[in-house]
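Novice: Pasting my_file-v5.cif below, which is mmCIF, C-alpha atoms.
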data_work
#
loop_
_atom_site.label_atom_id
_atom_site.label_comp_id
_atom_site.auth_asym_id
_atom_site.auth_seq_id
_atom_site.Cartn_x
_atom_site.Cartn_y
_atom_site.Cartn_z
CA CYS U 175 -21.42 -75.97 76.63
CA ASP U 176 -25.20 -76.66 76.49
CA GLY U 177 -25.56 -76.57 72.72
CA PHE U 178 -26.06 -80.34 72.61
CA LEU U 179 -29.41 -79.84 74.33
CA PHE U 180 -30.68 -78.32 71.09
CA SER U 181 -29.40 -80.92 68.68
CA ASN U 182 -31.32 -80.91 65.37
CA LYS U 183 -33.16 -77.75 66.40
CA ASP U 184 -33.13 -74.18 65.06
CA VAL U 185 -31.20 -71.69 67.20
CA VAL U 186 -30.09 -68.05 67.05
CA VAL U 187 -26.85 -66.37 68.08
CA VAL U 188 -26.66 -62.63 68.77
CA GLY U 189 -23.36 -60.82 68.27
CA GLY U 190 -20.61 -59.96 65.81
CA GLY U 191 -17.33 -60.62 67.58
CA ASP U 192 -15.11 -63.68 67.92
CA ALA U 193 -17.29 -65.13 70.69
CA ALA U 194 -20.37 -65.00 68.46
CA MET U 195 -18.50 -66.61 65.57
CA GLU U 196 -17.21 -69.40 67.79
CA ASP U 197 -20.68 -70.00 69.26
CA ALA U 198 -22.28 -70.14 65.81
CA LEU U 199 -19.67 -72.55 64.45
CA VAL U 200 -19.92 -74.88 67.47
CA LEU U 201 -23.72 -74.88 67.37
CA ALA U 202 -23.72 -75.57 63.63
CA ARG U 203 -22.15 -78.96 64.34
CA THR U 204 -25.29 -80.26 66.01
CA SER U 205 -28.12 -77.78 65.45
CA LYS U 206 -30.48 -77.94 62.49
CA SER U 207 -29.77 -74.30 61.61
CA VAL U 208 -28.13 -71.23 63.15
CA THR U 209 -29.36 -67.68 62.58
CA LEU U 210 -26.70 -65.11 63.47
CA ILE U 211 -28.08 -61.64 64.27
CA HIS U 212 -25.73 -58.64 64.12
CA ARG U 213 -26.54 -54.95 64.51
CA ARG U 214 -23.99 -53.80 61.91
CA ASP U 215 -23.24 -54.63 58.26
CA SER U 216 -19.87 -56.23 59.00
CA PHE U 217 -18.36 -58.36 61.76
CA ARG U 218 -15.86 -57.19 64.38
CA ALA U 219 -14.51 -60.73 64.52
CA SER U 220 -11.26 -61.90 62.96
CA LYS U 221 -11.39 -62.49 59.21
CA VAL U 222 -10.65 -66.21 59.62
CA LEU U 223 -13.64 -66.81 61.89
CA ALA U 224 -15.90 -64.48 59.91
CA ASP U 225 -15.10 -66.24 56.64
CA ARG U 226 -15.83 -69.64 58.17
CA VAL U 227 -19.22 -68.40 59.38
CA LEU U 228 -20.15 -66.76 56.08
CA SER U 229 -19.29 -69.90 54.12
CA HIS U 230 -21.09 -72.33 56.42
CA GLU U 231 -24.21 -73.79 54.83
CA LYS U 232 -26.09 -74.09 58.13
CA ILE U 233 -25.47 -70.51 59.29
CA LYS U 234 -27.62 -67.61 58.08
CA VAL U 235 -26.52 -64.05 58.90
CA VAL U 236 -29.09 -61.29 59.48
CA TRP U 237 -27.31 -57.93 59.12
CA ASP U 238 -28.20 -54.50 60.55
CA SER U 239 -30.66 -56.05 62.98
CA VAL U 240 -31.38 -56.47 66.67
CA VAL U 241 -33.69 -58.66 68.73
CA ALA U 242 -37.00 -56.86 69.21
CA ALA U 243 -38.45 -59.55 71.48
CA PHE U 244 -38.03 -63.09 72.69
CA GLU U 245 -41.39 -64.86 72.48
CA GLY U 246 -42.36 -68.21 73.87
CA LYS U 247 -44.98 -70.66 74.89
CA LYS U 248 -46.02 -72.32 78.10
CA VAL U 249 -45.36 -76.04 78.25
CA ARG U 250 -46.16 -78.82 80.70
CA VAL U 251 -43.52 -81.45 81.37
CA LEU U 252 -45.25 -84.80 81.91
CA PRO U 253 -43.98 -87.51 84.32
CA ASN U 254 -42.23 -89.43 81.52
CA GLY U 255 -40.39 -86.32 80.26
CA LEU U 256 -42.65 -85.58 77.28
CA THR U 257 -43.94 -82.03 76.92
CA VAL U 258 -47.23 -80.53 75.75
CA GLU U 259 -47.93 -76.93 74.82
CA LEU U 260 -50.54 -75.06 76.86
CA ALA U 261 -52.97 -72.45 75.58
CA GLU U 262 -53.64 -69.23 77.51
CA ASP U 263 -56.59 -70.89 79.26
CA GLY U 264 -54.39 -73.78 80.40
CA SER U 265 -55.77 -76.33 77.96
CA VAL U 266 -53.45 -78.59 75.98
CA VAL U 267 -52.75 -77.50 72.41
CA PRO U 268 -53.23 -80.51 70.06
CA GLU U 269 -50.08 -81.61 68.24
CA ASP U 270 -50.00 -83.34 64.86
CA PHE U 271 -47.25 -85.94 65.19
CA SER U 272 -47.72 -87.03 61.58
CA LYS U 273 -46.10 -83.75 60.48
CA MET U 274 -42.95 -84.50 62.48
CA ARG U 275 -39.91 -86.14 60.99
CA VAL U 276 -39.23 -89.76 61.92
CA LYS U 277 -36.03 -88.72 63.68
CA GLU U 278 -37.91 -86.18 65.80
CA ILE U 279 -40.51 -88.75 66.83
CA LYS U 280 -37.81 -91.22 67.83
CA GLU U 281 -36.01 -88.55 69.87
CA ARG U 282 -39.17 -87.81 71.83
CA LEU U 283 -39.86 -91.50 72.38
CA ASP U 284 -36.29 -91.86 73.66
CA ILE U 285 -36.96 -89.06 76.15
CA ALA U 286 -40.00 -90.95 77.40
CA GLY U 287 -38.08 -94.22 77.58
CA VAL U 288 -40.47 -95.87 75.12
CA SER U 289 -38.99 -98.59 72.90
CA TYR U 290 -39.83 -98.55 69.20
CA ASP U 291 -37.88 -101.69 68.28
CA GLY U 292 -39.54 -103.54 65.45
CA ILE U 293 -41.53 -100.54 64.22
CA LYS U 294 -40.38 -99.71 60.69
CA ASP U 295 -43.01 -97.30 59.36
CA LYS U 296 -43.79 -93.74 60.38
CA GLU U 297 -47.48 -94.53 60.99
CA GLY U 298 -46.48 -97.02 63.68
CA LEU U 299 -44.21 -94.48 65.35
CA VAL U 300 -46.97 -91.86 65.30
CA ARG U 301 -49.38 -94.33 66.88
CA LEU U 302 -46.82 -95.20 69.56
CA MET U 303 -46.27 -91.50 70.23
CA HIS U 304 -50.00 -90.95 70.73
CA GLU U 305 -50.11 -93.89 73.15
CA ALA U 306 -47.11 -92.60 75.13
CA MET U 307 -48.61 -89.13 75.32
CA ALA U 308 -52.03 -90.45 76.40
CA GLU U 309 -50.46 -92.65 79.07
CA ALA U 310 -48.34 -89.81 80.44
CA SER U 311 -51.29 -87.40 80.46
CA ALA U 312 -53.44 -89.93 82.32
CA ALA U 313 -50.69 -90.45 84.87
CA ALA U 314 -50.32 -86.70 85.33
CA ASP U 315 -54.04 -86.36 86.02
CA SER U 316 -54.00 -89.10 88.67
CA GLU U 317 -53.31 -88.34 92.31
CA ASP U 318 -50.06 -90.33 92.38
CA GLY U 319 -48.99 -89.59 88.81
CA GLY U 320 -45.66 -88.06 89.74
CA MET U 321 -44.11 -84.64 89.36
CA VAL U 322 -45.53 -82.39 86.64
CA GLU U 323 -43.79 -79.13 85.83
CA GLU U 324 -45.06 -76.13 83.90
CA LYS U 325 -42.58 -73.64 82.46
CA ASN U 326 -42.07 -71.08 79.71
CA ALA U 327 -40.07 -72.14 76.66
CA LEU U 328 -38.60 -70.00 73.90
CA SER U 329 -40.33 -70.62 70.59
CA ARG U 330 -39.53 -67.61 68.38
CA VAL U 331 -37.42 -64.47 68.13
CA ARG U 332 -38.73 -61.22 66.69
CA ILE U 333 -36.00 -59.40 64.73
CA LYS U 334 -35.99 -55.69 63.85
CA ASN U 335 -33.98 -54.26 60.95
CA LEU U 336 -32.36 -51.02 62.14
CA LYS U 337 -32.37 -49.45 58.67
CA THR U 338 -35.91 -50.26 57.54
CA SER U 339 -37.61 -50.87 60.94
CA GLU U 340 -39.12 -53.98 59.36
CA GLU U 341 -39.73 -56.86 61.77
CA THR U 342 -39.48 -60.56 61.00
CA THR U 343 -39.98 -63.66 63.12
CA VAL U 344 -37.79 -66.74 63.34
CA ASP U 345 -38.95 -69.96 65.00
CA VAL U 346 -36.20 -71.22 67.31
CA ALA U 347 -35.67 -73.48 70.29
CA ALA U 348 -32.82 -71.50 71.88
CA ALA U 349 -30.97 -68.19 71.79
CA PHE U 350 -27.31 -67.62 72.63
CA ILE U 351 -26.25 -64.07 73.46
CA ALA U 352 -22.60 -63.34 72.61
CA ILE U 353 -22.37 -59.56 72.83
CA GLY U 354 -19.80 -59.35 75.60
CA HIS U 355 -19.57 -60.14 79.28
CA ASP U 356 -20.11 -57.85 82.24
CA PRO U 357 -18.64 -59.51 85.38
CA ASN U 358 -20.79 -59.07 88.46
CA THR U 359 -18.13 -57.27 90.48
CA LYS U 360 -19.54 -53.77 90.94
CA PHE U 361 -20.30 -54.44 94.61
CA VAL U 362 -16.54 -54.64 95.35
CA SER U 363 -15.40 -52.02 92.82
CA GLN U 364 -13.96 -49.74 95.51
CA GLN U 365 -12.36 -52.55 97.50
CA LEU U 366 -10.64 -55.10 95.25
CA GLU U 367 -8.23 -54.57 92.38
CA MET U 368 -9.80 -55.03 88.95
CA ASP U 369 -8.67 -54.79 85.36
CA GLN U 370 -10.16 -52.36 82.82
CA SER U 371 -12.95 -54.80 81.97
CA GLY U 372 -14.09 -55.20 85.58
CA TYR U 373 -12.60 -58.65 86.22
CA LEU U 374 -10.96 -59.23 89.60
CA VAL U 375 -7.18 -59.47 89.49
CA THR U 376 -5.85 -62.66 91.13
CA SER U 377 -2.41 -64.05 91.87
CA ASP U 378 -0.96 -67.27 93.30
CA GLY U 379 -4.15 -69.15 92.49
CA THR U 380 -7.27 -67.28 93.59
CA LYS U 381 -5.83 -64.58 95.88
CA THR U 382 -7.15 -61.05 95.36
CA SER U 383 -5.63 -57.72 96.36
CA ILE U 384 -6.98 -58.08 99.92
CA ASP U 385 -5.54 -60.75 102.19
CA GLY U 386 -8.14 -63.41 102.97
CA VAL U 387 -10.40 -62.64 100.00
CA PHE U 388 -10.41 -65.10 97.12
CA ALA U 389 -12.09 -64.98 93.71
CA ALA U 390 -13.43 -67.79 91.52
CA GLY U 391 -15.49 -68.25 88.40
CA ASP U 392 -16.55 -65.63 85.88
CA VAL U 393 -15.70 -62.67 88.12
CA ALA U 394 -12.03 -63.46 87.57
CA ASP U 395 -11.97 -65.54 84.38
CA LYS U 396 -12.22 -63.61 81.10
CA VAL U 397 -11.06 -66.46 78.87
CA TYR U 398 -12.97 -69.71 79.45
CA ARG U 399 -16.18 -68.73 81.28
CA GLN U 400 -17.57 -72.26 81.41
CA ALA U 401 -19.51 -73.96 84.20
CA ILE U 402 -16.87 -76.66 84.60
CA THR U 403 -13.97 -74.19 84.82
CA SER U 404 -15.93 -72.07 87.32
CA ALA U 405 -16.53 -75.17 89.45
CA GLY U 406 -12.83 -76.00 89.32
CA SER U 407 -11.73 -72.51 90.31
CA GLY U 408 -14.36 -72.59 93.07
CA ALA U 409 -12.67 -75.67 94.51
CA MET U 410 -9.31 -73.89 94.26
CA ALA U 411 -10.70 -70.85 96.11
CA ALA U 412 -12.13 -73.08 98.84
CA LEU U 413 -8.75 -74.75 99.35
CA ASP U 414 -6.99 -71.39 99.39
CA ALA U 415 -9.50 -70.05 101.92
CA GLU U 416 -9.14 -73.12 104.15
CA ARG U 417 -5.36 -72.81 104.05
CA TRP U 418 -5.57 -69.10 104.91
CA LEU U 419 -7.90 -69.76 107.84
CA SER U 420 -5.54 -72.43 109.17
CA GLU U 421 -2.58 -70.06 108.94
CA GLN U 422 -4.56 -67.44 110.87
CA GLY U 423 -5.42 -69.97 113.59
CA TYR U 424 -9.15 -70.01 112.92
CA CYS U 425 -9.46 -73.73 112.16
CA ALA U 426 -10.01 -76.08 115.09
CA LYS U 427 -7.21 -78.55 115.77
CA ALA U 428 -7.93 -82.19 115.00
CA ALA U 429 -8.87 -84.28 118.03
#
For the file at hand, write its structure as structure tokens.
Specialist:
Amino acid sequence: CDGFLFSNKDVVVVGGGDAAMEDALVLARTSKSVTLIHRRDSFRASKVLADRVLSHEKIKVVWDSVVAAFEGKKVRVLPNGLTVELAEDGSVVPEDFSKMRVKEIKERLDIAGVSYDGIKDKEGLVRLMHEAMAEASAAADSEDGGMVEEKNALSRVRIKNLKTSEETTVDVAAAFIAIGHDPNTKFVSQQLEMDQSGYLVTSDGTKTSIDGVFAAGDVADKVYRQAITSAGSGAMAALDAERWLSEQGYCAKAA
């Protein structure tokens, strides 16, 4: 559901089942490229999905391999939304905007809210980008420059071939892990009814096997597992809980 955040960027997907195939195909719609990493030499996924992945021009499959390490860089988010990479000593790493594609420059200017109307050539866009970056950096250094955030960002994935032990590196902006789901339900494993995969069993909405206990989100949903469906089931559980409390006489009567 957050693949659009990495539009026109390189991403990786880890897995070999239907979920991994679906993730790779969805991401390929908007991402620049998708590298699919699988620990075996064939997919567990259905033949239909596997064939679609293997024939997709934007998806590259890396067989017999696992992720050795996720590596990244430290970035500073400036007040206007632009980011700069930081070296280990905290200094800003210079960036050559002239090596960026025109589309990438425009995307970053859009983030900063800087208009480039009337600018037709790449040199003009590069100059505007330098000006926007200088202005944002100056504002960040001032006392009232606004909020500045520093965070770690994924920049590359180190891949290890299980047969040869050879390691390669892929530059990426995001990684999507699709190797199965482990619902966080162990803390009630001896109390509530679960299925063989560890998901809570519900009935009549969000009711569990114990009266007055309700389940919502990924602990009970093995199909959709999306933020929006979890939020919806959370609202259902809240309504069910409120109704149960009223039936038990715990809710105060209206004045």
Novice: Go through the shown structure with the PyMOL selection byres ((chain U and resi 229-236) around 7) and write out the matching residues as a short mmCIF file (atom, residue, chain, number, x, y, z; two decimals) with C-alpha atoms, in the coordinates of the input.
Specialist:
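What ended up in result.cif:
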data_model
loop_
_atom_site.label_atom_id
_atom_site.label_comp_id
_atom_site.auth_asym_id
_atom_site.auth_seq_id
_atom_site.Cartn_x
_atom_site.Cartn_y
_atom_site.Cartn_z
CA ALA U 202 -23.72 -75.57 63.63
CA SER U 207 -29.77 -74.30 61.61
CA VAL U 208 -28.13 -71.23 63.15
CA THR U 209 -29.36 -67.68 62.58
CA LEU U 210 -26.70 -65.11 63.47
CA ILE U 211 -28.08 -61.64 64.27
CA HIS U 212 -25.73 -58.64 64.12
CA ASP U 225 -15.10 -66.24 56.64
CA ARG U 226 -15.83 -69.64 58.17
CA VAL U 227 -19.22 -68.40 59.38
CA LEU U 228 -20.15 -66.76 56.08
CA TRP U 237 -27.31 -57.93 59.12
CA ASP U 238 -28.20 -54.50 60.55
CA SER U 239 -30.66 -56.05 62.98
#
Novice: Determine, counting only C-alpha atoms, which protein, DNA and RNA residues have an atom within 9 Å of an atom of Met303 (chain U); residues of the same chain fewer than 6 positions away are not included. Present the result as number ranges by chain.
Specialist: U: 271, 279-280, 282-283, 288
Novice: For the atom pair CA of Ala224 (chain U) and CA of Leu336 (chain U), what is the interatomic distance in Å to one decimal place?
Specialist: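 So the two atoms, CA of Ala224 (chain U) and CA of Leu336 (chain U), lie 21.4 Å apart.
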Novice: Which residues, named as in the file, does the PyMOL selection byres ((chain U and resi 343) around 6) pick out? Answer as a list in words.
Specialist: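 This file gives the following for the PyMOL selection byres ((chain U and resi 343) around 6): Val331, Arg332, Thr342 and Val344 of chain U.
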Novice: Write the residues of the selection above to a file with C-alpha atoms, as a PDB file, in the coordinates of the input.
Specialist:
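Saved to again_33.pdb:
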ATOM      1  CA  VAL U 331     -37.420 -64.470  68.130  1.00  0.00           C
ATOM      2  CA  ARG U 332     -38.730 -61.220  66.690  1.00  0.00           C
ATOM      3  CA  THR U 342     -39.480 -60.560  61.000  1.00  0.00           C
ATOM      4  CA  VAL U 344     -37.790 -66.740  63.340  1.00  0.00           C
TER       5      VAL U 344
END
Novice: Quick one: pull the distance between CA of Ala198 (chain U) and CA of Asp184 (chain U), Å, one decimal.
Specialist: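 Computing the Euclidean distance for CA of Ala198 (chain U) and CA of Asp184 (chain U) yields 11.6 Å.
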Novice: Let me know the centre plus edge lengths, in Å and rounded to one decimal, of a box with edges along x, y and z that contains all listed atoms of region 247-258 of chain U and is padded by 3 Å on every side, as lines of an AutoDock Vina configuration file.
Specialist:
center_x = -43.8
center_y = -80.0
center_z = 79.6
size_x = 12.8
size_y = 24.8
size_z = 15.4
Novice: Sort by chain and increasing residue number a table of all residues of region 176-222 of chain U within 8 Å of region 352-358 of chain U, each with its closest pair of atoms and their distance in Å to one decimal, counting all atoms listed in the file, and write it as JSON lines.
Specialist:
{"residue": "U:Val187", "atom": "CA", "partner": "U:Ala352", "partner_atom": "CA", "distance": 6.9}
{"residue": "U:Val188", "atom": "CA", "partner": "U:Ala352", "partner_atom": "CA", "distance": 5.6}
{"residue": "U:Gly189", "atom": "CA", "partner": "U:Ile353", "partner_atom": "CA", "distance": 4.8}
{"residue": "U:Gly190", "atom": "CA", "partner": "U:Ile353", "partner_atom": "CA", "distance": 7.2}
{"residue": "U:Gly191", "atom": "CA", "partner": "U:Ile353", "partner_atom": "CA", "distance": 7.4}
{"residue": "U:Ala193", "atom": "CA", "partner": "U:Ala352", "partner_atom": "CA", "distance": 5.9}
{"residue": "U:Ala194", "atom": "CA", "partner": "U:Ala352", "partner_atom": "CA", "distance": 5.0}
{"residue": "U:Asp197", "atom": "CA", "partner": "U:Ala352", "partner_atom": "CA", "distance": 7.7}
Novice: Just to confirm, what's the straight-line distance from CA of Phe217 (chain U) to CA of Ser339 (chain U) in Å (one decimal)?
Specialist: 20.7 Å
Novice: Please evaluate the PyMOL selection byres ((chain U and resi 246) around 9) against the structure above and give the resulting residues as number ranges by chain.
Specialist: U: 244-245, 247-248, 326-331
Novice: Neighbours of Gly386 (chain U) within 10 Å (only C-alpha atoms; same-chain residues fewer than 3 positions away dropped), as a list in words?
Specialist: Lys381, Thr382, Ser383, Asp414, Ala415, Glu416, Arg417, Trp418, Leu419 and Gln422 of chain U
Novice: Between U:Tyr290, U:Val240, U:Pro268, U:Val397, single out the one closest to Glu340 (chain U), counting all atoms listed in the file.
Specialist: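 Of all the options, U:Val240 lies closest to Glu340 (chain U).
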Novice: Which protein, DNA or RNA residues are at most 12 Å from (-43.9, -87.5, 82.1) in the file's coordinates when you count all atoms listed in the file, listed as an NGL selection string?
Specialist: :U and (250-258 or 282-283 or 285-288 or 306-315 or 319-324)
Novice: Take the residues from that selection and put them in a file with C-alpha atoms, as an mmCIF file, keeping the file's coordinate frame.
Specialist:
data_model
loop_
_atom_site.group_PDB
_atom_site.id
_atom_site.type_symbol
_atom_site.label_atom_id
_atom_site.label_comp_id
_atom_site.auth_asym_id
_atom_site.auth_seq_id
_atom_site.Cartn_x
_atom_site.Cartn_y
_atom_site.Cartn_z
ATOM 1 C CA ARG U 250 -46.160 -78.820 80.700
ATOM 2 C CA VAL U 251 -43.520 -81.450 81.370
ATOM 3 C CA LEU U 252 -45.250 -84.800 81.910
ATOM 4 C CA PRO U 253 -43.980 -87.510 84.320
ATOM 5 C CA ASN U 254 -42.230 -89.430 81.520
ATOM 6 C CA GLY U 255 -40.390 -86.320 80.260
ATOM 7 C CA LEU U 256 -42.650 -85.580 77.280
ATOM 8 C CA THR U 257 -43.940 -82.030 76.920
ATOM 9 C CA VAL U 258 -47.230 -80.530 75.750
ATOM 10 C CA ARG U 282 -39.170 -87.810 71.830
ATOM 11 C CA LEU U 283 -39.860 -91.500 72.380
ATOM 12 C CA ILE U 285 -36.960 -89.060 76.150
ATOM 13 C CA ALA U 286 -40.000 -90.950 77.400
ATOM 14 C CA GLY U 287 -38.080 -94.220 77.580
ATOM 15 C CA VAL U 288 -40.470 -95.870 75.120
ATOM 16 C CA ALA U 306 -47.110 -92.600 75.130
ATOM 17 C CA MET U 307 -48.610 -89.130 75.320
ATOM 18 C CA ALA U 308 -52.030 -90.450 76.400
ATOM 19 C CA GLU U 309 -50.460 -92.650 79.070
ATOM 20 C CA ALA U 310 -48.340 -89.810 80.440
ATOM 21 C CA SER U 311 -51.290 -87.400 80.460
ATOM 22 C CA ALA U 312 -53.440 -89.930 82.320
ATOM 23 C CA ALA U 313 -50.690 -90.450 84.870
ATOM 24 C CA ALA U 314 -50.320 -86.700 85.330
ATOM 25 C CA ASP U 315 -54.040 -86.360 86.020
ATOM 26 C CA GLY U 319 -48.990 -89.590 88.810
ATOM 27 C CA GLY U 320 -45.660 -88.060 89.740
ATOM 28 C CA MET U 321 -44.110 -84.640 89.360
ATOM 29 C CA VAL U 322 -45.530 -82.390 86.640
ATOM 30 C CA GLU U 323 -43.790 -79.130 85.830
ATOM 31 C CA GLU U 324 -45.060 -76.130 83.900
#
Novice: I need the residue nearest Lys396 (chain U) from this list: U:Leu413, U:Val300, U:Ser377, U:Gly372. Use all atoms listed in the file for the distance.
Specialist: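 Distance minimum relative to Lys396 (chain U) lands on U:Gly372.
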Novice: For Phe180 (chain U), which residue among U:Leu260, U:Thr338, U:Val346, U:Arg399 is the nearest when counting all atoms listed in the file?
Specialist: U:Val346
Novice: Show me, as a PDB file with C-alpha atoms, in the frame of the given file, the residues that have an atom within 10 Å of Glu269 (chain U) when counting all atoms listed in the file, minus same-chain residues fewer than 4 positions from it.
Specialist:
ATOM      1  CA  VAL U 258     -47.230 -80.530  75.750  1.00  0.00           C
ATOM      2  CA  GLU U 259     -47.930 -76.930  74.820  1.00  0.00           C
ATOM      3  CA  LYS U 273     -46.100 -83.750  60.480  1.00  0.00           C
ATOM      4  CA  MET U 274     -42.950 -84.500  62.480  1.00  0.00           C
ATOM      5  CA  HIS U 304     -50.000 -90.950  70.730  1.00  0.00           C
TER       6      HIS U 304
END
Novice: List the neighbours of Lys206 (chain U) out to 7 Å using only C-alpha atoms; skip same-chain residues closer than 2 positions along the sequence, and give me the result as a VMD selection string.
Specialist: chain U and resid 181 to 184 204
Novice: For a quick check of understanding, using all atoms listed in the file, which of U:Ser272, U:Gly379, U:Ser420, U:Lys325 has the smallest distance to Arg301 (chain U)?
Specialist: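 For Arg301 (chain U), the nearest of the given residues is U:Ser272.
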Novice: Could you list, as a PyMOL selection string, every residue within 12 Å of Phe361 (chain U), counting only C-alpha atoms and ignoring same-chain residues fewer than 5 positions away?
Specialist: chain U and resi 366+368+372+374+393
Novice: For a quick check of understanding, using all atoms listed in the file, which of U:Met410, U:Arg203, U:Thr403, U:Asp369 has the smallest distance to Ala389 (chain U)?
Specialist: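 Under the stated criterion, the closest residue is U:Met410.
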